[in-house]
file entry-v6.cif (mmCIF, C-alpha atoms)
data_target
loop_
_atom_site.group_PDB
_atom_site.id
_atom_site.type_symbol
_atom_site.label_atom_id
_atom_site.label_comp_id
_atom_site.auth_asym_id
_atom_site.auth_seq_id
_atom_site.Cartn_x
_atom_site.Cartn_y
_atom_site.Cartn_z
ATOM 1 C CA MET A 12 0.000 0.000 0.000
ATOM 2 C CA ALA A 13 1.293 3.452 -0.918
ATOM 3 C CA ARG A 14 2.254 5.676 1.984
ATOM 4 C CA PHE A 15 2.922 9.342 2.523
ATOM 5 C CA SER A 16 5.424 11.064 4.790
ATOM 6 C CA ILE A 17 3.826 13.136 7.551
ATOM 7 C CA GLY A 18 7.090 15.039 7.995
ATOM 8 C CA THR A 19 7.251 15.849 4.287
ATOM 9 C CA ALA A 20 3.600 16.918 4.266
ATOM 10 C CA ILE A 21 3.973 19.250 7.253
ATOM 11 C CA GLY A 22 7.296 20.515 5.902
ATOM 12 C CA GLU A 23 5.520 21.434 2.669
ATOM 13 C CA GLY A 24 3.564 24.081 4.557
ATOM 14 C CA PHE A 25 6.672 25.633 6.082
ATOM 15 C CA GLY A 26 8.465 25.382 2.739
ATOM 16 C CA LEU A 27 5.624 27.203 1.012
ATOM 17 C CA VAL A 28 5.809 30.002 3.590
ATOM 18 C CA ARG A 29 9.561 30.268 3.012
ATOM 19 C CA ARG A 30 9.381 30.153 -0.799
ATOM 20 C CA ARG A 31 6.382 32.438 -1.288
ATOM 21 C CA PRO A 32 6.107 34.827 1.672
ATOM 22 C CA PHE A 33 4.322 37.537 -0.345
ATOM 23 C CA ALA A 34 1.671 35.060 -1.476
ATOM 24 C CA VAL A 35 1.151 33.984 2.139
ATOM 25 C CA LEU A 36 0.783 37.640 3.162
ATOM 26 C CA VAL A 37 -1.749 38.260 0.369
ATOM 27 C CA TRP A 38 -3.729 35.180 1.411
ATOM 28 C CA GLY A 39 -3.831 36.458 4.976
ATOM 29 C CA LEU A 40 -4.862 39.939 3.864
ATOM 30 C CA LEU A 41 -7.674 38.526 1.737
ATOM 31 C CA MET A 42 -8.943 36.510 4.692
ATOM 32 C CA ALA A 43 -8.950 39.690 6.794
ATOM 33 C CA VAL A 44 -10.790 41.872 4.258
ATOM 34 C CA PRO A 45 -14.356 40.782 5.189
ATOM 35 C CA SER A 46 -13.661 41.320 8.908
ATOM 36 C CA VAL A 47 -12.193 44.773 8.301
ATOM 37 C CA ALA A 48 -15.096 45.654 6.003
ATOM 38 C CA SER A 49 -17.521 44.471 8.667
ATOM 39 C CA LEU A 50 -15.951 46.758 11.269
ATOM 40 C CA ALA A 51 -15.860 49.698 8.858
ATOM 41 C CA LEU A 52 -19.535 49.308 7.994
ATOM 42 C CA VAL A 53 -20.998 48.163 11.295
ATOM 43 C CA LEU A 54 -19.196 50.491 13.729
ATOM 44 C CA PRO A 55 -20.777 53.725 12.342
ATOM 45 C CA MET A 56 -24.219 52.100 12.544
ATOM 46 C CA LEU A 57 -23.640 51.020 16.132
ATOM 47 C CA GLY A 58 -22.399 54.517 16.899
ATOM 48 C CA GLY A 59 -25.647 55.903 15.524
ATOM 49 C CA MET A 60 -27.600 53.499 17.718
ATOM 50 C CA PHE A 61 -25.825 54.709 20.865
ATOM 51 C CA ALA A 62 -26.297 58.326 19.782
ATOM 52 C CA SER A 63 -30.033 57.719 19.304
ATOM 53 C CA MET A 64 -30.270 56.177 22.747
ATOM 54 C CA ALA A 65 -28.481 59.130 24.317
ATOM 55 C CA SER A 66 -30.509 61.829 22.550
ATOM 56 C CA GLY A 67 -33.975 60.299 22.418
ATOM 57 C CA MET A 68 -34.629 59.010 25.904
ATOM 58 C CA SER A 69 -37.740 61.211 26.132
ATOM 59 C CA ASP A 70 -39.379 59.197 23.342
ATOM 60 C CA PRO A 71 -38.762 55.490 24.052
ATOM 61 C CA GLU A 72 -40.858 54.308 21.108
ATOM 62 C CA GLN A 73 -38.869 56.409 18.658
ATOM 63 C CA VAL A 74 -35.616 55.130 20.128
ATOM 64 C CA HIS A 75 -36.860 51.539 19.915
ATOM 65 C CA ASN A 76 -37.907 51.903 16.260
ATOM 66 C CA ALA A 77 -34.589 53.501 15.333
ATOM 67 C CA MET A 78 -32.644 50.783 17.133
ATOM 68 C CA MET A 79 -34.628 48.002 15.453
ATOM 69 C CA ALA A 80 -34.043 49.548 12.033
ATOM 70 C CA ASP A 81 -30.317 49.886 12.698
ATOM 71 C CA MET A 82 -30.101 46.334 14.045
ATOM 72 C CA ALA A 83 -31.856 44.955 10.977
ATOM 73 C CA GLN A 84 -29.430 46.816 8.736
ATOM 74 C CA VAL A 85 -26.449 45.553 10.725
ATOM 75 C CA GLN A 86 -27.757 41.985 10.496
ATOM 76 C CA ASP A 87 -28.245 42.241 6.722
ATOM 77 C CA ILE A 88 -24.712 43.546 6.219
ATOM 78 C CA SER A 89 -23.268 40.911 8.551
ATOM 79 C CA SER A 90 -25.029 38.137 6.623
ATOM 80 C CA LEU A 91 -23.684 39.456 3.320
ATOM 81 C CA LEU A 92 -20.153 39.741 4.711
ATOM 82 C CA ASN A 93 -20.366 36.206 6.107
ATOM 83 C CA LEU A 94 -21.144 35.002 2.592
ATOM 84 C CA VAL A 95 -18.197 37.010 1.256
ATOM 85 C CA GLN A 96 -16.010 35.458 3.955
ATOM 86 C CA LEU A 97 -16.969 31.972 2.787
ATOM 87 C CA VAL A 98 -16.170 32.846 -0.836
ATOM 88 C CA VAL A 99 -12.793 34.316 0.154
ATOM 89 C CA MET A 100 -12.067 31.232 2.247
ATOM 90 C CA VAL A 101 -12.726 28.934 -0.707
ATOM 91 C CA VAL A 102 -10.560 31.062 -3.014
ATOM 92 C CA VAL A 103 -7.639 31.197 -0.561
ATOM 93 C CA TYR A 104 -7.838 27.518 0.405
ATOM 94 C CA THR A 105 -7.870 26.568 -3.264
ATOM 95 C CA ALA A 106 -4.881 28.832 -3.908
ATOM 96 C CA VAL A 107 -2.897 27.034 -1.189
ATOM 97 C CA MET A 108 -3.820 23.634 -2.646
ATOM 98 C CA ARG A 109 -2.927 24.817 -6.146
ATOM 99 C CA ALA A 110 0.433 26.122 -4.943
ATOM 100 C CA VAL A 111 1.236 22.616 -3.667
ATOM 101 C CA VAL A 112 -0.223 20.296 -6.313
ATOM 102 C CA ARG A 113 0.416 22.597 -9.296
ATOM 103 C CA PRO A 114 3.423 24.662 -8.129
ATOM 104 C CA ARG A 115 4.184 26.079 -11.573
ATOM 105 C CA GLU A 116 0.966 28.143 -11.531
ATOM 106 C CA THR A 117 2.356 31.012 -9.464
ATOM 107 C CA ALA A 118 0.814 33.992 -11.291
ATOM 108 C CA PHE A 119 -1.473 36.248 -9.217
ATOM 109 C CA PHE A 120 -0.327 34.462 -6.017
ATOM 110 C CA SER A 121 -1.982 31.232 -7.282
ATOM 111 C CA LEU A 122 -5.356 32.940 -6.857
ATOM 112 C CA ARG A 123 -8.132 32.214 -9.358
ATOM 113 C CA LEU A 124 -11.892 32.305 -9.535
ATOM 114 C CA GLY A 125 -12.889 29.386 -11.729
ATOM 115 C CA MET A 126 -13.825 25.733 -11.801
ATOM 116 C CA ASP A 127 -11.241 24.698 -9.206
ATOM 117 C CA GLU A 128 -12.847 27.038 -6.690
ATOM 118 C CA LEU A 129 -16.311 25.809 -7.634
ATOM 119 C CA ARG A 130 -15.224 22.194 -7.125
ATOM 120 C CA VAL A 131 -13.670 22.950 -3.737
ATOM 121 C CA ALA A 132 -16.826 24.817 -2.676
ATOM 122 C CA VAL A 133 -19.093 21.930 -3.729
ATOM 123 C CA VAL A 134 -16.819 19.362 -2.097
ATOM 124 C CA GLY A 135 -16.645 21.410 1.101
ATOM 125 C CA LEU A 136 -20.420 21.820 1.218
ATOM 126 C CA ALA A 137 -21.025 18.134 0.540
ATOM 127 C CA LEU A 138 -18.527 17.010 3.184
ATOM 128 C CA THR A 139 -19.903 19.477 5.736
ATOM 129 C CA VAL A 140 -23.449 18.207 5.185
ATOM 130 C CA GLY A 141 -22.261 14.604 5.354
ATOM 131 C CA ILE A 142 -20.308 15.126 8.573
ATOM 132 C CA CYS A 143 -23.246 17.013 10.135
ATOM 133 C CA LEU A 144 -25.636 14.177 9.238
ATOM 134 C CA GLY A 145 -23.211 11.650 10.670
ATOM 135 C CA ALA A 146 -22.888 13.735 13.822
ATOM 136 C CA LEU A 147 -26.694 13.912 14.107
ATOM 137 C CA VAL A 148 -26.968 10.120 13.869
ATOM 138 C CA PHE A 149 -24.233 9.731 16.489
ATOM 139 C CA VAL A 150 -25.966 12.208 18.817
ATOM 140 C CA LEU A 151 -29.318 10.420 18.481
ATOM 141 C CA LEU A 152 -27.598 7.103 19.147
ATOM 142 C CA GLY A 153 -25.839 8.608 22.159
ATOM 143 C CA VAL A 154 -29.102 9.993 23.540
ATOM 144 C CA GLY A 155 -30.699 6.569 23.193
ATOM 145 C CA ILE A 156 -27.788 4.872 24.983
ATOM 146 C CA GLY A 157 -27.852 7.561 27.660
ATOM 147 C CA PHE A 158 -31.553 7.041 28.416
ATOM 148 C CA ALA A 159 -31.123 3.270 28.380
ATOM 149 C CA THR A 160 -28.218 3.306 30.853
ATOM 150 C CA TRP A 161 -29.240 6.226 33.086
ATOM 151 C CA GLY A 162 -30.784 3.865 35.570
ATOM 152 C CA LEU A 163 -27.379 2.381 36.400
ATOM 153 C CA GLY A 164 -26.846 5.320 38.718
ATOM 154 C CA GLU A 165 -23.677 7.211 39.584
ATOM 155 C CA PRO A 166 -20.876 7.073 38.676
ATOM 156 C CA TYR A 167 -21.642 4.704 35.779
ATOM 157 C CA ASN A 168 -24.111 6.967 33.982
ATOM 158 C CA TRP A 169 -21.661 9.879 34.022
ATOM 159 C CA LEU A 170 -18.806 7.662 32.879
ATOM 160 C CA ILE A 171 -20.943 6.518 29.950
ATOM 161 C CA ILE A 172 -21.788 10.135 29.073
ATOM 162 C CA VAL A 173 -18.110 11.112 29.150
ATOM 163 C CA ALA A 174 -17.228 8.086 27.014
ATOM 164 C CA LEU A 175 -19.945 8.992 24.504
ATOM 165 C CA CYS A 176 -18.718 12.601 24.300
ATOM 166 C CA LEU A 177 -15.131 11.478 23.743
ATOM 167 C CA GLY A 178 -16.325 8.943 21.181
ATOM 168 C CA PHE A 179 -18.300 11.652 19.395
ATOM 169 C CA VAL A 180 -15.277 13.960 19.148
ATOM 170 C CA LEU A 181 -13.033 11.091 18.033
ATOM 171 C CA ALA A 182 -15.550 9.975 15.413
ATOM 172 C CA ILE A 183 -15.814 13.503 13.966
ATOM 173 C CA TRP A 184 -12.034 13.816 13.802
ATOM 174 C CA LEU A 185 -11.592 10.389 12.211
ATOM 175 C CA GLY A 186 -14.355 11.100 9.708
ATOM 176 C CA THR A 187 -12.767 14.425 8.816
ATOM 177 C CA ALA A 188 -9.377 12.744 8.402
ATOM 178 C CA ARG A 189 -10.904 10.055 6.183
ATOM 179 C CA VAL A 190 -12.268 12.590 3.674
ATOM 180 C CA SER A 191 -9.533 15.221 4.061
ATOM 181 C CA LEU A 192 -7.899 14.496 0.686
ATOM 182 C CA ILE A 193 -10.975 14.905 -1.507
ATOM 183 C CA ALA A 194 -10.715 18.696 -1.920
ATOM 184 C CA SER A 195 -7.007 18.573 -2.806
ATOM 185 C CA ALA A 196 -7.632 15.666 -5.179
ATOM 186 C CA SER A 197 -10.303 17.763 -6.916
ATOM 187 C CA VAL A 198 -7.738 20.518 -7.525
ATOM 188 C CA LEU A 199 -5.063 18.032 -8.607
ATOM 189 C CA HIS A 200 -7.289 16.101 -11.044
ATOM 190 C CA ARG A 201 -9.408 19.099 -12.125
ATOM 191 C CA THR A 202 -12.629 17.222 -11.437
ATOM 192 C CA PHE A 203 -15.025 16.425 -8.595
ATOM 193 C CA ALA A 204 -12.650 13.826 -7.153
ATOM 194 C CA PHE A 205 -14.892 12.253 -4.519
ATOM 195 C CA GLU A 206 -13.915 8.745 -5.613
ATOM 196 C CA GLN A 207 -10.201 9.510 -6.097
ATOM 197 C CA GLY A 208 -9.895 11.326 -2.772
ATOM 198 C CA TRP A 209 -11.792 8.588 -0.948
ATOM 199 C CA LYS A 210 -9.507 5.909 -2.384
ATOM 200 C CA LEU A 211 -6.392 7.908 -1.499
ATOM 201 C CA GLY A 212 -7.525 8.067 2.125
ATOM 202 C CA ARG A 213 -8.336 4.357 2.335
ATOM 203 C CA GLY A 214 -6.137 2.635 4.905
ATOM 204 C CA ARG A 215 -4.472 5.928 5.865
ATOM 205 C CA THR A 216 -7.057 7.383 8.249
ATOM 206 C CA GLY A 217 -4.763 6.844 11.245
ATOM 207 C CA ALA A 218 -1.849 8.636 9.584
ATOM 208 C CA LEU A 219 -4.071 11.527 8.488
ATOM 209 C CA PHE A 220 -5.556 11.737 11.979
ATOM 210 C CA GLY A 221 -2.073 11.835 13.492
ATOM 211 C CA MET A 222 -1.088 14.602 11.105
ATOM 212 C CA MET A 223 -4.186 16.550 12.151
ATOM 213 C CA LEU A 224 -3.132 16.300 15.802
ATOM 214 C CA VAL A 225 0.356 17.575 15.006
ATOM 215 C CA LEU A 226 -1.143 20.459 13.028
ATOM 216 C CA VAL A 227 -3.429 21.348 15.945
ATOM 217 C CA LEU A 228 -0.390 21.653 18.205
ATOM 218 C CA ILE A 229 1.356 23.848 15.616
ATOM 219 C CA MET A 230 -1.761 26.014 15.308
ATOM 220 C CA LEU A 231 -1.941 26.458 19.081
ATOM 221 C CA VAL A 232 1.655 27.677 19.133
ATOM 222 C CA ALA A 233 1.007 29.997 16.167
ATOM 223 C CA GLN A 234 -2.118 31.445 17.783
ATOM 224 C CA ALA A 235 -0.276 31.971 21.063
ATOM 225 C CA LEU A 236 2.362 33.850 19.081
ATOM 226 C CA LEU A 237 -0.385 35.871 17.425
ATOM 227 C CA VAL A 238 -1.895 36.843 20.781
ATOM 228 C CA GLY A 239 1.541 37.687 22.182
ATOM 229 C CA ILE A 240 2.450 39.967 19.286
ATOM 230 C CA GLY A 241 -0.961 41.625 19.404
ATOM 231 C CA SER A 242 -0.594 42.236 23.145
ATOM 232 C CA ALA A 243 2.896 43.669 22.660
ATOM 233 C CA VAL A 244 1.697 46.062 19.945
ATOM 234 C CA PHE A 245 -1.236 47.124 22.124
ATOM 235 C CA MET A 246 1.007 47.793 25.113
ATOM 236 C CA ALA A 247 3.397 49.810 22.956
ATOM 237 C CA ALA A 248 0.538 51.893 21.591
ATOM 238 C CA ALA A 249 -1.175 52.321 24.958
ATOM 239 C CA GLY A 250 1.830 53.722 26.772
ATOM 240 C CA GLY A 251 1.168 57.417 26.152
ATOM 241 C CA MET A 252 -2.622 57.404 26.182
ATOM 242 C CA ASP A 253 -4.823 59.368 28.577
ATOM 243 C CA TRP A 254 -6.909 56.440 29.756
ATOM 244 C CA SER A 255 -9.113 58.444 32.129
ATOM 245 C CA ARG A 256 -10.340 60.556 29.208
ATOM 246 C CA ILE A 257 -10.676 57.506 26.992
ATOM 247 C CA LEU A 258 -12.721 55.603 29.571
ATOM 248 C CA THR A 259 -15.016 58.606 30.041
ATOM 249 C CA ALA A 260 -15.585 58.783 26.300
ATOM 250 C CA ILE A 261 -16.285 55.037 26.165
ATOM 251 C CA GLU A 262 -18.966 55.383 28.834
ATOM 252 C CA GLU A 263 -20.714 58.072 26.756
ATOM 253 C CA ASN A 264 -20.504 56.292 23.382
ATOM 254 C CA PRO A 265 -18.188 53.256 23.221
ATOM 255 C CA VAL A 266 -18.327 52.913 19.423
ATOM 256 C CA THR A 267 -17.440 56.541 18.724
ATOM 257 C CA ALA A 268 -14.688 56.445 21.344
ATOM 258 C CA LEU A 269 -13.136 53.280 19.917
ATOM 259 C CA THR A 270 -13.341 54.668 16.387
ATOM 260 C CA ALA A 271 -11.549 57.810 17.479
ATOM 261 C CA LEU A 272 -8.984 55.686 19.296
ATOM 262 C CA PHE A 273 -8.305 53.679 16.136
ATOM 263 C CA ASN A 274 -8.023 56.842 14.039
ATOM 264 C CA ALA A 275 -5.611 58.469 16.488
ATOM 265 C CA ASN A 276 -3.356 55.395 16.499
ATOM 266 C CA TRP A 277 -3.718 54.296 12.885
ATOM 267 C CA PRO A 278 0.016 53.546 12.366
ATOM 268 C CA TRP A 279 -0.027 51.034 15.203
ATOM 269 C CA VAL A 280 -3.370 49.651 14.078
ATOM 270 C CA THR A 281 -2.048 49.245 10.524
ATOM 271 C CA LEU A 282 1.121 47.549 11.746
ATOM 272 C CA ALA A 283 -0.847 45.203 13.979
ATOM 273 C CA GLY A 284 -3.226 44.460 11.104
ATOM 274 C CA LEU A 285 -0.366 43.530 8.772
ATOM 275 C CA VAL A 286 1.238 41.298 11.401
ATOM 276 C CA VAL A 287 -2.072 39.593 12.170
ATOM 277 C CA ALA A 288 -2.811 39.121 8.452
ATOM 278 C CA ALA A 289 0.647 37.642 7.854
ATOM 279 C CA LEU A 290 0.270 35.215 10.753
ATOM 280 C CA HIS A 291 -3.239 34.342 9.600
ATOM 281 C CA GLY A 292 -1.823 33.575 6.165
ATOM 282 C CA VAL A 293 0.820 31.364 7.775
ATOM 283 C CA ILE A 294 -1.817 29.529 9.824
ATOM 284 C CA VAL A 295 -3.991 28.923 6.756
ATOM 285 C CA THR A 296 -0.989 27.707 4.752
ATOM 286 C CA LEU A 297 0.194 25.350 7.485
ATOM 287 C CA SER A 298 -3.360 24.007 7.867
ATOM 288 C CA ILE A 299 -4.101 23.301 4.184
ATOM 289 C CA ALA A 300 -0.750 22.587 2.518
ATOM 290 C CA PRO A 301 0.015 19.315 4.384
ATOM 291 C CA PHE A 302 -3.146 17.626 3.088
ATOM 292 C CA ALA A 303 -2.444 18.833 -0.449
ATOM 293 C CA SER A 304 1.084 17.450 -0.086
ATOM 294 C CA ALA A 305 -0.238 14.092 1.153
ATOM 295 C CA CYS A 306 -2.605 13.987 -1.819
ATOM 296 C CA ARG A 307 0.229 14.721 -4.234
ATOM 297 C CA GLN A 308 2.518 12.112 -2.631
ATOM 298 C CA LEU A 309 -0.129 9.401 -2.706
ATOM 299 C CA SER A 310 -1.217 10.241 -6.255
ATOM 300 C CA ALA A 311 2.373 9.952 -7.416
ATOM 301 C CA GLU A 312 2.607 6.531 -5.743
ATOM 302 C CA VAL A 313 -0.750 5.271 -7.008
ATOM 303 C CA ALA A 314 -0.270 6.314 -10.652
ATOM 304 C CA PRO A 315 2.754 4.038 -11.352
ATOM 305 C CA ALA A 316 1.027 1.157 -9.566
ATOM 306 C CA ALA A 317 -2.061 1.627 -11.740
ATOM 307 C CA GLU A 318 0.080 1.668 -14.876
ATOM 308 C CA GLU A 319 1.821 -1.544 -13.804
ATOM 309 C CA GLY A 320 -1.558 -3.141 -13.231
ATOM 310 C CA HIS A 321 -2.436 -2.532 -16.879
#

call {"tool": "encode", "arguments": {"input": "entry-v6.cif", "output": "structure tokens"}}
result
Amino acid sequence: MARFSIGTAIGEGFGLVRRRPFAVLVWGLLMAVPSVASLALVLPMLGGMFASMASGMSDPEQVHNAMMADMAQVQDISSLLNLVQLVVMVVVYTAVMRAVVRPRETAFFSLRLGMDELRVAVVGLALTVGICLGALVFVLLGVGIGFATWGLGEPYNWLIIVALCLGFVLAIWLGTARVSLIASASVLHRTFAFEQGWKLGRGRTGALFGMMLVLVLIMLVAQALLVGIGSAVFMAAAGGMDWSRILTAIEENPVTALTALFNANWPWVTLAGLVVAALHGVIVTLSIAPFASACRQLSAEVAPAAEEGH
């Protein structure tokens, strides 16, 4: 049976960051665009809501109507931006896969908007629905077992519940590992590679699951680094601020005060945004590239075997 190297797969992510740092930065910036747009659009509306509350207390009904209208508008914009976030996620994830399985296609930071992205979106939706249905069946089964064994009394009923919860998490992780190569296979083969990706994962669920655990540990370290850098930038920017005045302004209108705070410290905010975007790009690359690498390794092993079989 063909095998893949976990070390090579994980190293592919770090190698991609080293070889194409500007692409990684662009991927991170693209992932941040919907969040930044959401803040830019939603903060003024929230500021208007607080202003209406402060100025219209004599007419509660008018304040309520204005708040409901603003909240509806905020919800509509948030829903639209969530959809944009999903589209950007598909485009960036596909770009990372393309950079691994088709490394010669480097133009425009490996970003496209075509059939590859459509295939990854369809595959992602199908796998999400499938995993959710499987989780629902597992939950219903767990509820049935829980009711059937509740009469055993403590501590057995709680031990069974804990075991079911752990089994549920393990089953979701193993199921995700089992189908984790389908999206990359779709990019590699330029088709909806449900069958190819499923066959590539056959007999390798344990190895893929182990790689997922290693990646989780790497992501935890990267996120801790992200929080540390963000805290350091905040402390550097906060050193010369008049916090008594800032806190007073926040009590009057927190949105307006925070907006003014961002505007007054835009160099630090911009620097922090670039650092966060870069680290986000690194995290995305390290999360996606290893599975694309495993797909490429296994496809290279399977193809000669198939030719020999003929």

call {"tool": "residues_around", "arguments": {"input": "entry-v6.cif", "residues": "stretch 285-291 of chain A", "least_positions_apart": "3", "cutoff": "7 Å", "atoms": "only C-alpha atoms", "output": "PyMOL selection string"}}
result
chain A and resi 35-36+39-40+43+237+281-282+294-295

call {"tool": "resolve_selection", "arguments": {"input": "entry-v6.cif", "expression": "the PyMOL selection byres ((chain A and resi 169-171) around 12)", "output": "list in words"}}
result
Gly153, Val154, Gly155, Ile156, Gly157, Phe158, Ala159, Thr160, Trp161, Gly162, Leu163, Gly164, Glu165, Pro166, Tyr167, Asn168, Ile172, Val173, Ala174, Leu175, Cys176, Leu177 and Gly178 of chain A

call {"tool": "closest_residue", "arguments": {"input": "entry-v6.cif", "among": "A:Asn93, A:Gln86, A:Ser310, A:Ser16", "to": "A:Met42", "atoms": "all atoms listed in the file"}}
result
A:Asn93

call {"tool": "resolve_selection", "arguments": {"input": "entry-v6.cif", "expression": "the PyMOL selection byres ((chain A and resi 208) around 12)", "output": "number ranges by chain"}}
result
A: 134, 138, 188-200, 202-207, 209-213, 215, 302-303, 305-307, 309-310, 313

call {"tool": "atom_distance", "arguments": {"input": "entry-v6.cif", "atom1": "atom CA of A:Arg113", "atom2": "atom CA of A:Arg14"}}
result
20.4 Å

call {"tool": "atom_distance", "arguments": {"input": "entry-v6.cif", "atom1": "atom CA of A:Leu231", "atom2": "atom CA of A:Val140"}}
result
26.9 Å

call {"tool": "atom_distance", "arguments": {"input": "entry-v6.cif", "atom1": "atom CA of A:Leu228", "atom2": "atom CA of A:Gly186"}}
result
19.5 Å

call {"tool": "closest_residue", "arguments": {"input": "entry-v6.cif", "among": "A:Ala34, A:Val99, A:Arg29, A:Leu136", "to": "A:Ser46", "atoms": "all atoms listed in the file"}}
result
A:Val99

call {"tool": "residues_around", "arguments": {"input": "entry-v6.cif", "residues": "A:Asp127", "least_positions_apart": "2", "cutoff": "8 Å", "atoms": "all atoms listed in the file", "output": "PDB file with C-alpha atoms, keeping the file's coordinate frame"}}
result
ATOM      1  CA  THR A 105      -7.870  26.568  -3.264  1.00  0.00           C
ATOM      2  CA  LEU A 124     -11.892  32.305  -9.535  1.00  0.00           C
ATOM      3  CA  GLY A 125     -12.889  29.386 -11.729  1.00  0.00           C
ATOM      4  CA  LEU A 129     -16.311  25.809  -7.634  1.00  0.00           C
ATOM      5  CA  ARG A 130     -15.224  22.194  -7.125  1.00  0.00           C
ATOM      6  CA  VAL A 131     -13.670  22.950  -3.737  1.00  0.00           C
ATOM      7  CA  SER A 197     -10.303  17.763  -6.916  1.00  0.00           C
ATOM      8  CA  VAL A 198      -7.738  20.518  -7.525  1.00  0.00           C
ATOM      9  CA  ARG A 201      -9.408  19.099 -12.125  1.00  0.00           C
ATOM     10  CA  THR A 202     -12.629  17.222 -11.437  1.00  0.00           C
TER      11      THR A 202
END

call {"tool": "closest_residue", "arguments": {"input": "entry-v6.cif", "among": "A:Val133, A:Ala110, A:Leu94, A:Val53", "to": "A:Arg30", "atoms": "all atoms listed in the file"}}
result
A:Ala110

call {"tool": "closest_residue", "arguments": {"input": "entry-v6.cif", "among": "A:Pro114, A:Pro278, A:Gly18, A:Gly141", "to": "A:Leu226", "atoms": "all atoms listed in the file"}}
result
A:Gly18

call {"tool": "resolve_selection", "arguments": {"input": "entry-v6.cif", "expression": "the PyMOL selection byres ((chain A and resi 102) around 7)", "output": "PyMOL selection string"}}
result
chain A and resi 98-101+103-106+122-124+128

call {"tool": "closest_residue", "arguments": {"input": "entry-v6.cif", "among": "A:Leu219, A:Met82, A:Ala243, A:Ala48", "to": "A:Leu185", "atoms": "only C-alpha atoms"}}
result
A:Leu219

call {"tool": "closest_residue", "arguments": {"input": "entry-v6.cif", "among": "A:Val148, A:Val85, A:Ile21, A:Met222", "to": "A:Ile183", "atoms": "only C-alpha atoms"}}
result
A:Val148

call {"tool": "residues_around", "arguments": {"input": "entry-v6.cif", "residues": "A:Leu27", "least_positions_apart": "5", "cutoff": "9 Å", "atoms": "only C-alpha atoms", "output": "PDB file with C-alpha atoms, keeping the file's coordinate frame"}}
result
ATOM      1  CA  GLY A  22       7.296  20.515   5.902  1.00  0.00           C
ATOM      2  CA  PRO A  32       6.107  34.827   1.672  1.00  0.00           C
ATOM      3  CA  VAL A  35       1.151  33.984   2.139  1.00  0.00           C
ATOM      4  CA  VAL A 107      -2.897  27.034  -1.189  1.00  0.00           C
ATOM      5  CA  ALA A 110       0.433  26.122  -4.943  1.00  0.00           C
ATOM      6  CA  VAL A 111       1.236  22.616  -3.667  1.00  0.00           C
ATOM      7  CA  THR A 296      -0.989  27.707   4.752  1.00  0.00           C
ATOM      8  CA  LEU A 297       0.194  25.350   7.485  1.00  0.00           C
ATOM      9  CA  ALA A 300      -0.750  22.587   2.518  1.00  0.00           C
TER      10      ALA A 300
END
